[in-house]
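J.: Structure incoming, see below.
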Amino acid sequence: MVKRCVCLFLAVALGSIGSGCTSDPPIKPADKPRMMRQMVLHSVRLANEQPNRVPERAEQFIARLAEVKAEALDDNGALYDKLIQKYQEVADAAKSSPGSPEVKKKLAELLELGKQLPM
């Protein structure tokens, strides 16, 4: 009986600890621009490290930026549009010649746009 109670107690205790760790806290609307800035800066670094994956990743980043823009939680909509356009330009350039000077130039422009987002 004691063993059963101890087992039940441990199961409940571990279950509540495990379930508490799996849910991430909700992202505050004020944090979205900062997260988008980090995403853009990180994506430029990844593009420089793995130029062959640029078109694929650009599509993912475009989709994410479009989601955030659609939420309309901040006044960065025009900047998100510029970032989406620049990602498309980078993807198009990288499809024909990954790692080319043109792609690197567009990545530098994308980096500068990303730095315009709030920290």
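Labels used: A, B, ... for chains in the order of the structure tokens, numbers from 1 for residues in each chain, and numbers from 1 for ligands as shown.
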Considering only C-alpha atoms, return as a list in words whatever protein or nucleic-acid residues lie within 10 Å of Phe61 in chain A, sequence-local ones (same chain, fewer than 6 positions apart) excluded.

T.: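 The residues that qualify are Met36, Met39, Val40, Ser43, Glu67, Leu83, Ile84, Tyr87 and Gln88 of chain A.
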
J.: To one decimal in Å, tell me the separation between CA of Val68 in chain A and CA of Ala94 in chain A.

T.: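 Rounded to one decimal, the two atoms are 24.6 Å apart.
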
J.: Find the spatial neighbours of Asn48 in chain A, counting only C-alpha atoms, within a cut-off of 12 Å - ignore same-chain residues fewer than 6 positions away - and output them as a list in words.

T.: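 The neighbour list is Leu41, His42, Val54, Val90, Ala94, Pro98, Gly99, Ser100, Pro101, Val103, Lys104, Lys105, Lys106, Leu107, Ala108 and Leu111 of chain A.
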
J.: Now that the selection is made, can you save its residues with C-alpha atoms as a tab-separated table (two decimals), in the first residue's frame?

T.:
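Output contents, as saved in part_29.tsv:
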chain	number	residue	atom	x	y	z
A	41	LEU	CA	20.00	38.42	-39.10
A	42	HIS	CA	20.22	34.67	-38.49
A	54	VAL	CA	18.99	29.92	-49.87
A	90	VAL	CA	17.68	36.80	-52.94
A	94	ALA	CA	20.34	32.20	-55.67
A	98	PRO	CA	24.12	30.36	-55.41
A	99	GLY	CA	26.95	32.15	-53.65
A	100	SER	CA	27.44	34.66	-56.48
A	101	PRO	CA	28.46	38.28	-55.83
A	103	VAL	CA	23.48	37.08	-54.02
A	104	LYS	CA	26.01	38.37	-51.50
A	105	LYS	CA	25.08	41.95	-52.37
A	106	LYS	CA	21.38	41.23	-51.90
A	107	LEU	CA	22.11	39.47	-48.60
A	108	ALA	CA	23.97	42.59	-47.43
A	111	LEU	CA	20.93	42.51	-43.47

J.: Could you jot down the CA of Glu71 in chain A to CA of Glu112 in chain A separation for me, Å, one decimal place?

T.: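 For CA of Glu71 in chain A relative to CA of Glu112 in chain A, the distance reads 23.6 Å.
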
J.: Which one is closest to Arg53 in chain A: A:Lys95, A:Leu110, A:Gln85, A:Lys32? Count only C-alpha atoms.

T.: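 For Arg53 in chain A, the nearest of the candidates is A:Lys95.
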
J.: Between CA of Asp92 in chain A and CA of Asp74 in chain A, what is the spacing in Å?

T.: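 Spanning CA of Asp74 in chain A to CA of Asp92 in chain A is a straight-line distance of 28.6 Å.
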
J.: Looking at only C-alpha atoms, which of A:Lys69, A:Ser97, A:Glu56, A:Leu113 is the one that sits closest to Lys82 in chain A?

T.: A:Leu113

J.: Residues near Lys28 in chain A, anyone? I mean within 12 Å using only C-alpha atoms, not counting same-chain ones fewer than 5 positions away, as a compact mmCIF listing (two decimals) with N, CA, C and O atoms, in the first residue's frame.

T.:
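The result, written out as result.txt:
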# COMPACT_ATOMS: atom_id res chain seq x y z
N PRO A 33 8.61 42.17 -33.32
CA PRO A 33 9.61 42.83 -34.18
C PRO A 33 11.04 42.42 -33.83
O PRO A 33 11.87 42.21 -34.72
N ARG A 34 11.31 42.27 -32.55
CA ARG A 34 12.66 41.86 -32.13
C ARG A 34 12.95 40.45 -32.62
O ARG A 34 14.05 40.16 -33.11
N MET A 35 11.95 39.58 -32.55
CA MET A 35 12.14 38.21 -33.02
C MET A 35 12.33 38.18 -34.54
O MET A 35 13.13 37.40 -35.05
N LEU A 73 0.36 43.46 -35.54
CA LEU A 73 0.57 43.78 -34.13
C LEU A 73 1.45 45.00 -33.93
O LEU A 73 1.57 45.51 -32.82
N ASP A 74 2.09 45.46 -34.99
CA ASP A 74 2.97 46.62 -34.87
C ASP A 74 2.86 47.45 -36.15
O ASP A 74 2.11 47.13 -37.05
